[in-house]
Every structure is written in structure tokens, then in C-alpha cells.
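Data from work14.pdb: PDB, C-alpha atoms (C1' of nucleotides)
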ATOM      1  CA  MET A 301      88.504  74.570 128.557
ATOM      2  CA  ASP A 302      90.371  71.448 127.558
ATOM      3  CA  LYS A 303      94.067  70.691 127.408
ATOM      4  CA  TYR A 304      94.376  70.883 123.616
ATOM      5  CA  SER A 305      91.717  73.460 122.803
ATOM      6  CA  ASP A 306      94.323  75.757 121.236
ATOM      7  CA  ASN A 307      94.522  73.678 118.074
ATOM      8  CA  LEU A 308      91.825  71.020 118.312
ATOM      9  CA  ASP A 309      89.417  73.503 116.728
ATOM     10  CA  GLN A 310      91.739  73.797 113.748
ATOM     11  CA  LEU A 311      92.492  70.082 113.614
ATOM     12  CA  PHE A 312      88.897  68.870 113.683
ATOM     13  CA  GLY A 313      87.924  71.780 111.430
ATOM     14  CA  ALA A 314      90.521  70.688 108.886
ATOM     15  CA  LEU A 315      89.159  67.133 109.008
ATOM     16  CA  SER A 316      85.554  68.267 108.526
ATOM     17  CA  ASP A 317      85.910  68.610 104.740
ATOM     18  CA  SER A 318      86.055  65.607 102.431
ATOM     19  CA  THR A 319      88.409  67.294  99.948
ATOM     20  CA  ARG A 320      90.906  67.797 102.755
ATOM     21  CA  ARG A 321      90.427  64.258 104.057
ATOM     22  CA  ASP A 322      91.072  63.004 100.529
ATOM     23  CA  ILE A 323      94.294  65.005 100.401
ATOM     24  CA  LEU A 324      95.413  63.498 103.712
ATOM     25  CA  THR A 325      94.559  59.993 102.530
ATOM     26  CA  ARG A 326      96.557  60.583  99.364
ATOM     27  CA  LEU A 327      99.520  61.868 101.374
ATOM     28  CA  CYS A 328      99.537  58.654 103.407
ATOM     29  CA  GLN A 329     101.025  57.100 100.254
ATOM     30  CA  GLY A 330     103.858  59.612 100.134
ATOM     31  CA  PRO A 331     104.657  63.250  99.220
ATOM     32  CA  ALA A 332     102.841  64.953  96.356
ATOM     33  CA  SER A 333     102.891  68.259  94.508
ATOM     34  CA  VAL A 334      99.966  70.686  94.526
ATOM     35  CA  SER A 335      98.883  69.695  90.998
ATOM     36  CA  GLU A 336      99.140  66.000  91.809
ATOM     37  CA  LEU A 337      96.850  66.622  94.768
ATOM     38  CA  LYS A 338      94.519  68.672  92.593
ATOM     39  CA  GLU A 339      94.257  66.020  89.867
ATOM     40  CA  PRO A 340      91.350  63.909  91.239
ATOM     41  CA  HIS A 341      89.317  66.996  92.148
ATOM     42  CA  ALA A 342      87.041  68.991  89.856
ATOM     43  CA  MET A 343      87.681  72.282  91.645
ATOM     44  CA  ALA A 344      90.020  75.012  90.414
ATOM     45  CA  LEU A 345      93.607  75.108  91.620
ATOM     46  CA  PRO A 346      93.341  78.262  93.775
ATOM     47  CA  ASN A 347      90.561  76.638  95.790
ATOM     48  CA  LEU A 348      92.530  73.476  96.286
ATOM     49  CA  LEU A 349      95.463  75.593  97.364
ATOM     50  CA  LYS A 350      93.255  77.103 100.053
ATOM     51  CA  HIS A 351      92.549  73.613 101.386
ATOM     52  CA  ILE A 352      96.275  72.948 101.448
ATOM     53  CA  HIS A 353      96.795  76.129 103.456
ATOM     54  CA  VAL A 354      94.118  75.039 105.920
ATOM     55  CA  LEU A 355      95.820  71.663 106.314
ATOM     56  CA  GLU A 356      99.200  73.308 106.738
ATOM     57  CA  SER A 357      98.123  75.880 109.325
ATOM     58  CA  SER A 358      96.351  73.154 111.290
ATOM     59  CA  GLY A 359      99.695  71.361 111.478
ATOM     60  CA  LEU A 360      98.492  68.266 109.634
ATOM     61  CA  ILE A 361     100.858  68.669 106.706
ATOM     62  CA  GLU A 362     104.084  70.468 105.820
ATOM     63  CA  THR A 363     104.953  71.933 102.443
ATOM     64  CA  GLN A 364     108.135  73.054 100.785
ATOM     65  CA  LYS A 365     108.884  74.815  97.516
ATOM     66  CA  GLN A 366     111.170  72.902  95.151
ATOM     67  CA  GLY A 367     111.800  74.862  91.980
ATOM     68  CA  ARG A 368     108.405  75.849  90.672
ATOM     69  CA  THR A 369     106.557  73.003  92.384
ATOM     70  CA  ARG A 370     105.429  72.832  96.003
ATOM     71  CA  VAL A 371     105.783  69.440  97.651
ATOM     72  CA  CYS A 372     103.330  68.468 100.413
ATOM     73  CA  VAL A 373     104.077  65.887 103.115
ATOM     74  CA  LEU A 374     101.986  64.436 105.900
ATOM     75  CA  ARG A 375     103.355  65.347 109.322
ATOM     76  CA  PRO A 376     104.204  62.102 111.125
ATOM     77  CA  ASP A 377     102.480  63.108 114.388
ATOM     78  CA  ALA A 378      99.652  64.675 112.392
ATOM     79  CA  LEU A 379      96.653  63.006 113.953
ATOM     80  CA  SER A 380      98.030  62.313 117.416
ATOM     81  CA  ALA A 381      96.338  65.285 119.110
ATOM     82  CA  THR A 382      92.930  64.294 117.812
ATOM     83  CA  GLU A 383      93.553  60.666 118.730
ATOM     84  CA  ALA A 384      94.602  61.772 122.213
ATOM     85  CA  TRP A 385      91.371  63.689 122.665
ATOM     86  CA  LEU A 386      89.262  60.745 121.506
ATOM     87  CA  GLN A 387      91.245  58.444 123.796
ATOM     88  CA  GLU A 388      90.561  60.785 126.711
ATOM     89  CA  GLN A 389      86.827  60.743 126.049
ATOM     90  CA  ARG A 390      86.860  56.953 125.906
ATOM     91  CA  GLN A 391      88.606  56.824 129.274
ATOM     92  CA  LEU A 392      86.078  59.207 130.823
ATOM     93  CA  LEU A 393      83.286  56.939 129.618
ATOM     94  CA  HIS A 394      85.034  53.875 131.029
ATOM     95  CA  ALA A 395      85.567  55.599 134.342
ATOM     96  CA  ARG A 396      81.872  56.337 134.461
ATOM     97  CA  PHE A 397      80.830  52.765 133.746
ATOM     98  CA  ASP A 398      83.278  51.568 136.391
ATOM     99  CA  ARG A 399      81.592  53.876 138.904
ATOM    100  CA  LEU A 400      78.185  52.577 137.809
ATOM    101  CA  GLU A 401      79.374  49.010 138.388
ATOM    102  CA  ASP A 402      80.647  49.948 141.851
ATOM    103  CA  TYR A 403      77.271  51.534 142.584
ATOM    104  CA  ILE A 404      75.419  48.432 141.479
ATOM    105  CA  GLU A 405      77.695  46.311 143.696
ATOM    106  CA  THR A 406      76.889  48.619 146.595
ATOM    107  CA  LEU A 407      73.169  48.234 145.954
ATOM    108  CA  LYS A 408      73.551  44.437 145.821
ATOM    109  CA  ALA A 409      75.506  44.418 149.084
ATOM    110  CA  GLN A 410      72.879  46.587 150.785
ATOM    111  CA  SER A 411      70.115  44.368 149.457
ATOM    112  CA  ASN A 412      71.843  41.270 150.879
ATOM    113  CA  LYS A 413      72.444  42.992 154.202
ATOM    114  CA  GLU A 414      68.734  43.859 154.435
ATOM    115  CA  LYS A 415      67.819  40.221 153.765
ATOM    116  CA  ASP A 416      70.189  39.179 156.553
ATOM    117  CA  ASP A 417      68.600  41.733 158.889
ATOM    118  CA  ASP A 418      65.151  40.383 157.966
ATOM    119  CA  SER A 419      66.057  36.788 158.689
ATOM    120  CA  ALA A 420      67.764  37.875 161.908
ATOM    121  CA  ALA A 421      64.580  39.624 163.058
TER     122      ALA A 421
ATOM    123  CA  MET B 670      85.237  59.911  98.073
ATOM    124  CA  ASP B 671      85.668  57.880 101.246
ATOM    125  CA  LYS B 672      83.511  55.217 102.848
ATOM    126  CA  TYR B 673      82.055  57.456 105.579
ATOM    127  CA  SER B 674      82.021  60.835 103.833
ATOM    128  CA  ASP B 675      78.246  61.124 104.268
ATOM    129  CA  ASN B 676      78.542  62.042 107.937
ATOM    130  CA  LEU B 677      82.245  62.503 108.660
ATOM    131  CA  ASP B 678      81.876  66.134 107.603
ATOM    132  CA  GLN B 679      79.222  66.592 110.264
ATOM    133  CA  LEU B 680      81.069  64.569 112.874
ATOM    134  CA  PHE B 681      84.395  66.345 112.560
ATOM    135  CA  GLY B 682      82.563  69.633 112.125
ATOM    136  CA  ALA B 683      80.729  69.048 115.390
ATOM    137  CA  LEU B 684      84.034  68.310 117.129
ATOM    138  CA  SER B 685      85.696  71.450 115.767
ATOM    139  CA  ASP B 686      84.179  73.719 118.427
ATOM    140  CA  SER B 687      85.397  73.750 122.017
ATOM    141  CA  THR B 688      81.954  74.495 123.460
ATOM    142  CA  ARG B 689      80.645  71.353 121.792
ATOM    143  CA  ARG B 690      83.663  69.296 122.889
ATOM    144  CA  ASP B 691      83.046  70.523 126.443
ATOM    145  CA  ILE B 692      79.437  69.385 126.216
ATOM    146  CA  LEU B 693      80.537  65.940 125.044
ATOM    147  CA  THR B 694      83.094  65.695 127.834
ATOM    148  CA  ARG B 695      80.418  66.609 130.346
ATOM    149  CA  LEU B 696      78.057  63.999 128.929
ATOM    150  CA  CYS B 697      80.707  61.318 129.430
ATOM    151  CA  GLN B 698      79.790  61.626 133.111
ATOM    152  CA  GLY B 699      76.115  60.973 132.454
ATOM    153  CA  PRO B 700      72.951  62.608 131.106
ATOM    154  CA  ALA B 701      72.311  66.316 131.638
ATOM    155  CA  SER B 702      69.621  68.886 130.976
ATOM    156  CA  VAL B 703      70.113  71.819 128.624
ATOM    157  CA  SER B 704      70.539  74.279 131.515
ATOM    158  CA  GLU B 705      73.009  71.997 133.271
ATOM    159  CA  LEU B 706      75.038  71.918 130.062
ATOM    160  CA  LYS B 707      74.751  75.691 129.733
ATOM    161  CA  GLU B 708      75.882  76.390 133.298
ATOM    162  CA  PRO B 709      79.703  76.499 132.754
ATOM    163  CA  HIS B 710      79.371  78.630 129.603
ATOM    164  CA  ALA B 711      79.053  82.403 129.395
ATOM    165  CA  MET B 712      76.944  82.310 126.241
ATOM    166  CA  ALA B 713      73.155  82.752 126.120
ATOM    167  CA  LEU B 714      70.915  79.716 126.209
ATOM    168  CA  PRO B 715      69.611  79.920 122.597
ATOM    169  CA  ASN B 716      73.197  79.752 121.322
ATOM    170  CA  LEU B 717      74.022  76.784 123.474
ATOM    171  CA  LEU B 718      70.854  75.135 122.229
ATOM    172  CA  LYS B 719      72.178  75.539 118.679
ATOM    173  CA  HIS B 720      75.321  73.654 119.674
ATOM    174  CA  ILE B 721      73.137  70.910 121.110
ATOM    175  CA  HIS B 722      71.236  70.713 117.821
ATOM    176  CA  VAL B 723      74.535  70.440 115.915
ATOM    177  CA  LEU B 724      75.645  67.610 118.201
ATOM    178  CA  GLU B 725      72.302  65.875 117.835
ATOM    179  CA  SER B 726      72.120  66.092 114.040
ATOM    180  CA  SER B 727      75.686  64.836 113.774
ATOM    181  CA  GLY B 728      74.556  61.756 115.713
ATOM    182  CA  LEU B 729      76.909  62.335 118.623
ATOM    183  CA  ILE B 730      74.146  62.786 121.194
ATOM    184  CA  GLU B 731      70.472  62.038 121.640
ATOM    185  CA  THR B 732      67.967  64.214 123.463
ATOM    186  CA  GLN B 733      64.536  63.676 124.904
ATOM    187  CA  LYS B 734      61.950  65.959 126.421
ATOM    188  CA  GLN B 735      60.936  65.132 129.997
ATOM    189  CA  GLY B 736      58.325  67.554 131.261
ATOM    190  CA  ARG B 737      59.726  71.012 130.622
ATOM    191  CA  THR B 738      63.370  69.920 130.620
ATOM    192  CA  ARG B 739      65.275  68.317 127.757
ATOM    193  CA  VAL B 740      67.685  65.585 128.749
ATOM    194  CA  CYS B 741      70.809  65.021 126.629
ATOM    195  CA  VAL B 742      72.707  61.721 126.459
ATOM    196  CA  LEU B 743      75.902  60.701 124.706
ATOM    197  CA  ARG B 744      75.299  58.097 122.034
ATOM    198  CA  PRO B 745      77.337  55.006 122.960
ATOM    199  CA  ASP B 746      78.812  54.548 119.484
ATOM    200  CA  ALA B 747      79.202  58.300 119.164
ATOM    201  CA  LEU B 748      82.842  58.563 118.191
ATOM    202  CA  SER B 749      83.301  55.218 116.466
ATOM    203  CA  ALA B 750      83.030  56.565 112.899
ATOM    204  CA  THR B 751      85.718  59.177 113.511
ATOM    205  CA  GLU B 752      87.894  56.606 115.259
ATOM    206  CA  ALA B 753      87.414  54.239 112.322
ATOM    207  CA  TRP B 754      88.579  56.911 109.887
ATOM    208  CA  LEU B 755      91.650  57.721 111.979
ATOM    209  CA  GLN B 756      92.394  54.014 112.278
ATOM    210  CA  GLU B 757      92.176  53.660 108.505
ATOM    211  CA  GLN B 758      94.640  56.486 107.956
ATOM    212  CA  ARG B 759      97.039  54.906 110.419
ATOM    213  CA  GLN B 760      96.836  51.629 108.516
ATOM    214  CA  LEU B 761      97.515  53.349 105.200
ATOM    215  CA  LEU B 762     100.610  54.935 106.727
ATOM    216  CA  HIS B 763     101.764  51.580 108.085
ATOM    217  CA  ALA B 764     101.230  49.920 104.723
ATOM    218  CA  ARG B 765     103.369  52.594 103.140
ATOM    219  CA  PHE B 766     106.210  52.149 105.597
ATOM    220  CA  ASP B 767     106.029  48.400 105.091
ATOM    221  CA  ARG B 768     106.422  48.932 101.338
ATOM    222  CA  LEU B 769     109.350  51.271 102.016
ATOM    223  CA  GLU B 770     110.987  48.588 104.125
ATOM    224  CA  ASP B 771     110.479  46.025 101.374
ATOM    225  CA  TYR B 772     112.028  48.453  98.906
ATOM    226  CA  ILE B 773     115.044  49.010 101.137
ATOM    227  CA  GLU B 774     115.448  45.243 101.496
ATOM    228  CA  THR B 775     115.327  44.946  97.694
ATOM    229  CA  LEU B 776     118.017  47.601  97.380
ATOM    230  CA  LYS B 777     120.188  45.782  99.927
ATOM    231  CA  ALA B 778     119.734  42.468  98.126
ATOM    232  CA  GLN B 779     120.646  44.047  94.786
ATOM    233  CA  SER B 780     123.676  45.697  96.357
ATOM    234  CA  ASN B 781     124.858  42.342  97.731
ATOM    235  CA  LYS B 782     124.229  40.639  94.412
ATOM    236  CA  GLU B 783     126.338  43.255  92.629
ATOM    237  CA  LYS B 784     129.169  42.673  95.119
ATOM    238  CA  ASP B 785     128.940  38.934  94.414
ATOM    239  CA  ASP B 786     129.039  39.623  90.667
ATOM    240  CA  ASP B 787     132.082  41.841  91.188
ATOM    241  CA  SER B 788     134.012  39.231  93.170
ATOM    242  CA  ALA B 789     132.964  36.581  90.654
ATOM    243  CA  ALA B 790     134.428  38.658  87.779
TER     244      ALA B 790
ATOM    245  C1'  DT C1238      44.878  80.771 138.570
ATOM    246  C1'  DG C1239      49.221  83.209 138.458
ATOM    247  C1'  DA C1240      54.090  83.330 138.465
ATOM    248  C1'  DA C1241      58.441  81.203 137.861
ATOM    249  C1'  DT C1242      61.108  77.874 135.184
ATOM    250  C1'  DA C1243      63.005  75.704 131.119
ATOM    251  C1'  DC C1244      63.334  75.796 126.990
ATOM    252  C1'  DT C1245      62.109  77.423 121.974
ATOM    253  C1'  DT C1246      61.543  80.330 117.991
ATOM    254  C1'  DA C1247      62.471  84.213 115.320
ATOM    255  C1'  DT C1248      65.603  87.737 113.847
ATOM    256  C1'  DC C1249      69.795  90.084 113.458
ATOM    257  C1'  DC C1250      74.756  90.585 112.696
ATOM    258  C1'  DA C1251      79.820  90.020 111.712
ATOM    259  C1'  DT C1252      82.881  86.634 110.281
ATOM    260  C1'  DT C1253      84.294  82.456 108.073
ATOM    261  C1'  DT C1254      83.994  79.047 104.558
ATOM    262  C1'  DG C1255      84.126  77.034 100.157
ATOM    263  C1'  DG C1256      83.400  77.747  95.715
ATOM    264  C1'  DG C1257      84.418  80.717  91.419
ATOM    265  C1'  DT C1258      87.478  83.973  87.868
ATOM    266  C1'  DA C1259      91.234  86.962  86.331
ATOM    267  C1'  DA C1260      95.651  88.373  86.461
ATOM    268  C1'  DC C1261     100.285  87.815  88.243
ATOM    269  C1'  DT C1262     105.072  85.625  89.403
ATOM    270  C1'  DA C1263     108.635  82.361  89.086
ATOM    271  C1'  DT C1264     110.942  78.551  87.005
ATOM    272  C1'  DA C1265     112.093  74.985  83.329
ATOM    273  C1'  DG C1266     112.754  73.786  78.620
ATOM    274  C1'  DG C1267     113.447  74.678  73.710
TER     275       DG C1267
ATOM    276  C1'  DC D 304     114.914  85.006  74.830
ATOM    277  C1'  DC D 305     110.377  83.052  74.650
ATOM    278  C1'  DT D 306     106.901  80.107  76.062
ATOM    279  C1'  DA D 307     104.654  76.725  78.674
ATOM    280  C1'  DT D 308     104.195  75.178  83.379
ATOM    281  C1'  DA D 309     103.207  75.416  88.425
ATOM    282  C1'  DG D 310     101.827  78.116  91.759
ATOM    283  C1'  DT D 311     100.180  82.394  93.705
ATOM    284  C1'  DT D 312      97.544  86.569  94.673
ATOM    285  C1'  DA D 313      93.594  89.331  94.491
ATOM    286  C1'  DC D 314      88.939  89.689  94.210
ATOM    287  C1'  DC D 315      83.904  88.227  94.126
ATOM    288  C1'  DC D 316      79.915  85.711  95.933
ATOM    289  C1'  DA D 317      76.415  82.775  98.417
ATOM    290  C1'  DA D 318      75.853  80.082 102.246
ATOM    291  C1'  DA D 319      77.071  78.567 106.791
ATOM    292  C1'  DT D 320      78.666  79.587 111.579
ATOM    293  C1'  DG D 321      78.667  81.400 116.116
ATOM    294  C1'  DG D 322      77.448  84.961 118.707
ATOM    295  C1'  DA D 323      73.520  88.316 120.261
ATOM    296  C1'  DT D 324      68.512  89.818 121.762
ATOM    297  C1'  DA D 325      63.414  89.683 122.086
ATOM    298  C1'  DA D 326      59.425  87.388 122.411
ATOM    299  C1'  DG D 327      56.858  83.028 122.643
ATOM    300  C1'  DT D 328      55.358  78.256 124.562
ATOM    301  C1'  DA D 329      54.861  74.614 127.787
ATOM    302  C1'  DT D 330      55.318  72.836 132.591
ATOM    303  C1'  DT D 331      55.585  73.077 137.350
ATOM    304  C1'  DC D 332      54.624  74.912 141.742
ATOM    305  C1'  DA D 333      52.414  77.896 145.280
TER     306       DA D 333
END

I'd like the structure from this file rewritten - as C-alpha cells, please.
Amino acid sequence: MDKYSDNLDQLFGALSDSTRRDILTRLCQGPASVSELKEPHAMALPNLLKHIHVLESSGLIETQKQGRTRVCVLRPDALSATEAWLQEQRQLLHARFDRLEDYIETLKAQSNKEKDDDSAA
Amino acid sequence: MDKYSDNLDQLFGALSDSTRRDILTRLCQGPASVSELKEPHAMALPNLLKHIHVLESSGLIETQKQGRTRVCVLRPDALSATEAWLQEQRQLLHARFDRLEDYIETLKAQSNKEKDDDSAA
DNA sequence: TGAATACTTATCCATTTGGGTAACTATAGG
DNA sequence: CCTATAGTTACCCAAATGGATAAGTATTCA
């Protein structure tokens, strides 16, 4: 269907939950362990871990085990695919409005031509 | 949680399905009826209608009944909330890197100062 | 009026999602 | 070695999601 459809489902799906968006926002300030990420959230750790897995398998974050703690990091190019898609939509819209403007110009030109024809007659 | 959390769930959720993204892409080229939107998709009409409802209740599109056909239109400001969120994340990242740069500068300055102290001693 | 068109509603179903608890493993510290 | 800590795994559950079909309504057209 579209160029990125292989992982845009996962990407937008990962972003569709406020807990996960919170985690991403937190990670913008630097790496954090699972419990650090859990701290502001009421939910139990296993559930938060699930969110982390979703984020990781969508490619938005990377994690690594260090001793008994797991450190989570935002992937630098994390949001670029979603931004690219949005950008593409914006361009399609622009293209359409450009065509509409051309069409309106055509109508104007025709209208003028008809006036000329009238005065010529 | 975050400024837009009331409808970002719905917005990103709506974008997390390729059928719905296809519909949006199609609507970038102008209004379309339900059957026109269905045409490229194998699925049955009632299912496609569900997708249209999801898009409508997320605020991404508007629809209107004209006779027996329903016309769907992209809302002009459709993607702005999602773009705003992405923009915000990008700024947070930038802010962080700026702080990192400041920190590195501080380290450099300290290092130079220590050298000065050494040569002074 | 009668038939075709364009949705619309109502159900059904398997799978996924997002929450929960209980029990387990692996590491760090005393 | 023993215990607390930090994750992890294994389940359970209700609700949501994305597909299906069957039957209904409202317009349009001949």
C-alpha cells in the first residue's frame, strides 16, 4: 500500500498510548532504567515492561542489560519514519491546492477570453 | 500526562492502520464517497465504513450525507496535533543535546583551568 | 411503482491490547 | 552465604480491534 507500511502500523500503534508517549518523552532527557521509567506510573512493573517491549519492537527505543538493570535509550532516528509519512501527506495536499489554483487560473483565462469574444462580436 | 493526551491516543490509533492511512492519502486528492474509498480495498463495505467512523471520531476527516451517498473530506488541520507532538519531542531532544554541549564546554574549561593551575605551581 | 444503488445496522468471531497477580531468575551488597 | 533488588515469565481477564455475513433503510432511476 504505502512505502513504509511494514512498520508504520507498529510505529503509530506504539505512539497511540499515553504511557508509551510519556516513556518516550522521558527518554528525550537521556537513558533510564526500567524502574526509573516505571516510577511516575501507577501500573505494575510487568505491565510497564510490556510497554517497553512494544516500544522496542517498533524500533522507537533500544534497551540493554547492565548487571541486573536494563537501560533504555531513545533511538536517534526514532520518529523519522512517522515524520516522513506526515511530510508526504502534507506534500500531497499542497500538490492538490496547486492544481486547484491552476484550475482557477484556467477558468479566469477562459472567462476573459469569452469577454473578448463578446466584445469582438 | 501530556498537553494533547485527550485525543492523541485516538489520532495515533487512527494512523496505526494501513487501510486508514490509505484512505487519508486518497482524501488528500479531494473528497470521495464511501464506495470510492472502498474501491481499492478487498474488504467488505461495512468494515471499511468502520474505518471511516474511526477516522471521523478521531477528527481526521469529516463526512456528510448527500442524497444516498456519504461524502468524506480531509479536515484541513487534521494532522496538526500529531505534528505538534512530534515537534515537541524534537525540541526536547535538541534541548538535551544543547545541555550536553554546555556540559562538554564546562569540562573543557575545567581541564584548561587545571592545566593553568599546574603550570602556575 | 419496482428495482437497483449506496450505505447502514446488527451480529458474530478470532486476535490483540492493556490491565492485573503470582512466582521465578539473576545480580549486588552485607 | 543470605537477602534485598531489578527484572522477567507465566498466567488471567475484560474490553477493543479488524475482519466476516445477513438483513435493513433510504434514494435514485426507469

Exercise. Applied to this file, what does the PyMOL selection byres ((chain D and resi 311) around 9) return in terms of residues, put as an MDAnalysis selection string?
Worked result: (chainID A and resid 346) or (chainID C and resid 1261:1262) or (chainID D and resid 310 312)

Output the selection as a PDB file, in the frame of the given file - C-alpha atoms (C1' of nucleotides) for each residue.
ATOM      1  CA  PRO A 346      93.341  78.262  93.775  1.00  0.00           C
TER       2      PRO A 346
ATOM      3  C1'  DC C1261     100.285  87.815  88.243  1.00  0.00           C
ATOM      4  C1'  DT C1262     105.072  85.625  89.403  1.00  0.00           C
TER       5       DT C1262
ATOM      6  C1'  DG D 310     101.827  78.116  91.759  1.00  0.00           C
ATOM      7  C1'  DT D 312      97.544  86.569  94.673  1.00  0.00           C
TER       8       DT D 312
END

Report as a Markdown table: every residue of segment 303-416 of chain A with an atom at most 12 Å from segment 724-744 of chain B, its closest pair of atoms, and their distance in Å to one decimal, counting all atoms listed in the file, with rows sorted by chain and ascending residue number.
| residue | atom | partner | partner_atom | distance |
| --- | --- | --- | --- | --- |
| A:Ser316 | CA | B:Ser727 | CA | 11.7 |
| A:Gln389 | CA | B:Leu743 | CA | 11.0 |
| A:Arg390 | CA | B:Leu743 | CA | 11.6 |
| A:Leu392 | CA | B:Leu743 | CA | 12.0 |
| A:Leu393 | CA | B:Leu743 | CA | 9.6 |

Go ahead and save the residues from that selection, with C-alpha atoms, as a PDB file, keeping the file's coordinate frame.
ATOM      1  CA  SER A 316      85.554  68.267 108.526  1.00  0.00           C
ATOM      2  CA  GLN A 389      86.827  60.743 126.049  1.00  0.00           C
ATOM      3  CA  ARG A 390      86.860  56.953 125.906  1.00  0.00           C
ATOM      4  CA  LEU A 392      86.078  59.207 130.823  1.00  0.00           C
ATOM      5  CA  LEU A 393      83.286  56.939 129.618  1.00  0.00           C
TER       6      LEU A 393
END

Within 12 Å of segment 319-330 of chain D, which residues of chain C come that close, and what is the closest atom pair and distance in Å for each? Count only C-alpha atoms (C1' of nucleotides) and give it as a Markdown table.
| residue | atom | partner | partner_atom | distance |
| --- | --- | --- | --- | --- |
| C:DA1241 | C1' | D:DT330 | C1' | 10.4 |
| C:DT1242 | C1' | D:DT330 | C1' | 8.1 |
| C:DA1243 | C1' | D:DT330 | C1' | 8.3 |
| C:DC1244 | C1' | D:DA329 | C1' | 8.6 |
| C:DT1245 | C1' | D:DT328 | C1' | 7.3 |
| C:DT1246 | C1' | D:DG327 | C1' | 7.1 |
| C:DA1247 | C1' | D:DA326 | C1' | 8.3 |
| C:DT1248 | C1' | D:DT324 | C1' | 8.7 |
| C:DC1249 | C1' | D:DA323 | C1' | 8.0 |
| C:DC1250 | C1' | D:DA323 | C1' | 8.0 |
| C:DA1251 | C1' | D:DG322 | C1' | 9.0 |
| C:DT1252 | C1' | D:DT320 | C1' | 8.3 |
| C:DT1253 | C1' | D:DT320 | C1' | 7.2 |
| C:DT1254 | C1' | D:DA319 | C1' | 7.3 |
| C:DG1255 | C1' | D:DA319 | C1' | 9.8 |

For the contact check between chain C and chain A, emit one row per residue of chain C within 10 Å, containing the shortest atom pair and the distance in Å rounded to one decimal, counting only C-alpha atoms (C1' of nucleotides), chain then rising number order, as CSV.
residue,atom,partner,partner_atom,distance
C:DG1255,C1',A:Asn347,CA,7.8
C:DG1256,C1',A:Asn347,CA,7.2
C:DG1257,C1',A:Ala344,CA,8.1
C:DT1258,C1',A:Ala344,CA,9.7
C:DA1263,C1',A:Arg368,CA,6.7
C:DT1264,C1',A:Arg368,CA,5.2
C:DA1265,C1',A:Arg368,CA,8.3

Just so the selection is clear, what residues does the PyMOL selection byres ((chain A) within 7 of (chain B)) cover here, as a PDB file with C-alpha atoms, in the coordinates of the input?
ATOM      1  CA  SER A 305      91.717  73.460 122.803  1.00  0.00           C
ATOM      2  CA  LEU A 308      91.825  71.020 118.312  1.00  0.00           C
ATOM      3  CA  ASP A 309      89.417  73.503 116.728  1.00  0.00           C
ATOM      4  CA  GLN A 310      91.739  73.797 113.748  1.00  0.00           C
ATOM      5  CA  PHE A 312      88.897  68.870 113.683  1.00  0.00           C
ATOM      6  CA  GLY A 313      87.924  71.780 111.430  1.00  0.00           C
ATOM      7  CA  LEU A 315      89.159  67.133 109.008  1.00  0.00           C
ATOM      8  CA  SER A 316      85.554  68.267 108.526  1.00  0.00           C
ATOM      9  CA  ASP A 317      85.910  68.610 104.740  1.00  0.00           C
ATOM     10  CA  SER A 318      86.055  65.607 102.431  1.00  0.00           C
ATOM     11  CA  THR A 325      94.559  59.993 102.530  1.00  0.00           C
ATOM     12  CA  CYS A 328      99.537  58.654 103.407  1.00  0.00           C
ATOM     13  CA  GLN A 329     101.025  57.100 100.254  1.00  0.00           C
ATOM     14  CA  GLN A 389      86.827  60.743 126.049  1.00  0.00           C
ATOM     15  CA  LEU A 392      86.078  59.207 130.823  1.00  0.00           C
ATOM     16  CA  LEU A 393      83.286  56.939 129.618  1.00  0.00           C
ATOM     17  CA  ARG A 396      81.872  56.337 134.461  1.00  0.00           C
TER      18      ARG A 396
END

Seminar exercise, completed: Using all atoms listed in the file, the best pick from B:Ala753, B:Leu718, B:Asp746, B:Asp767 as closest to chain D would be B:Leu718
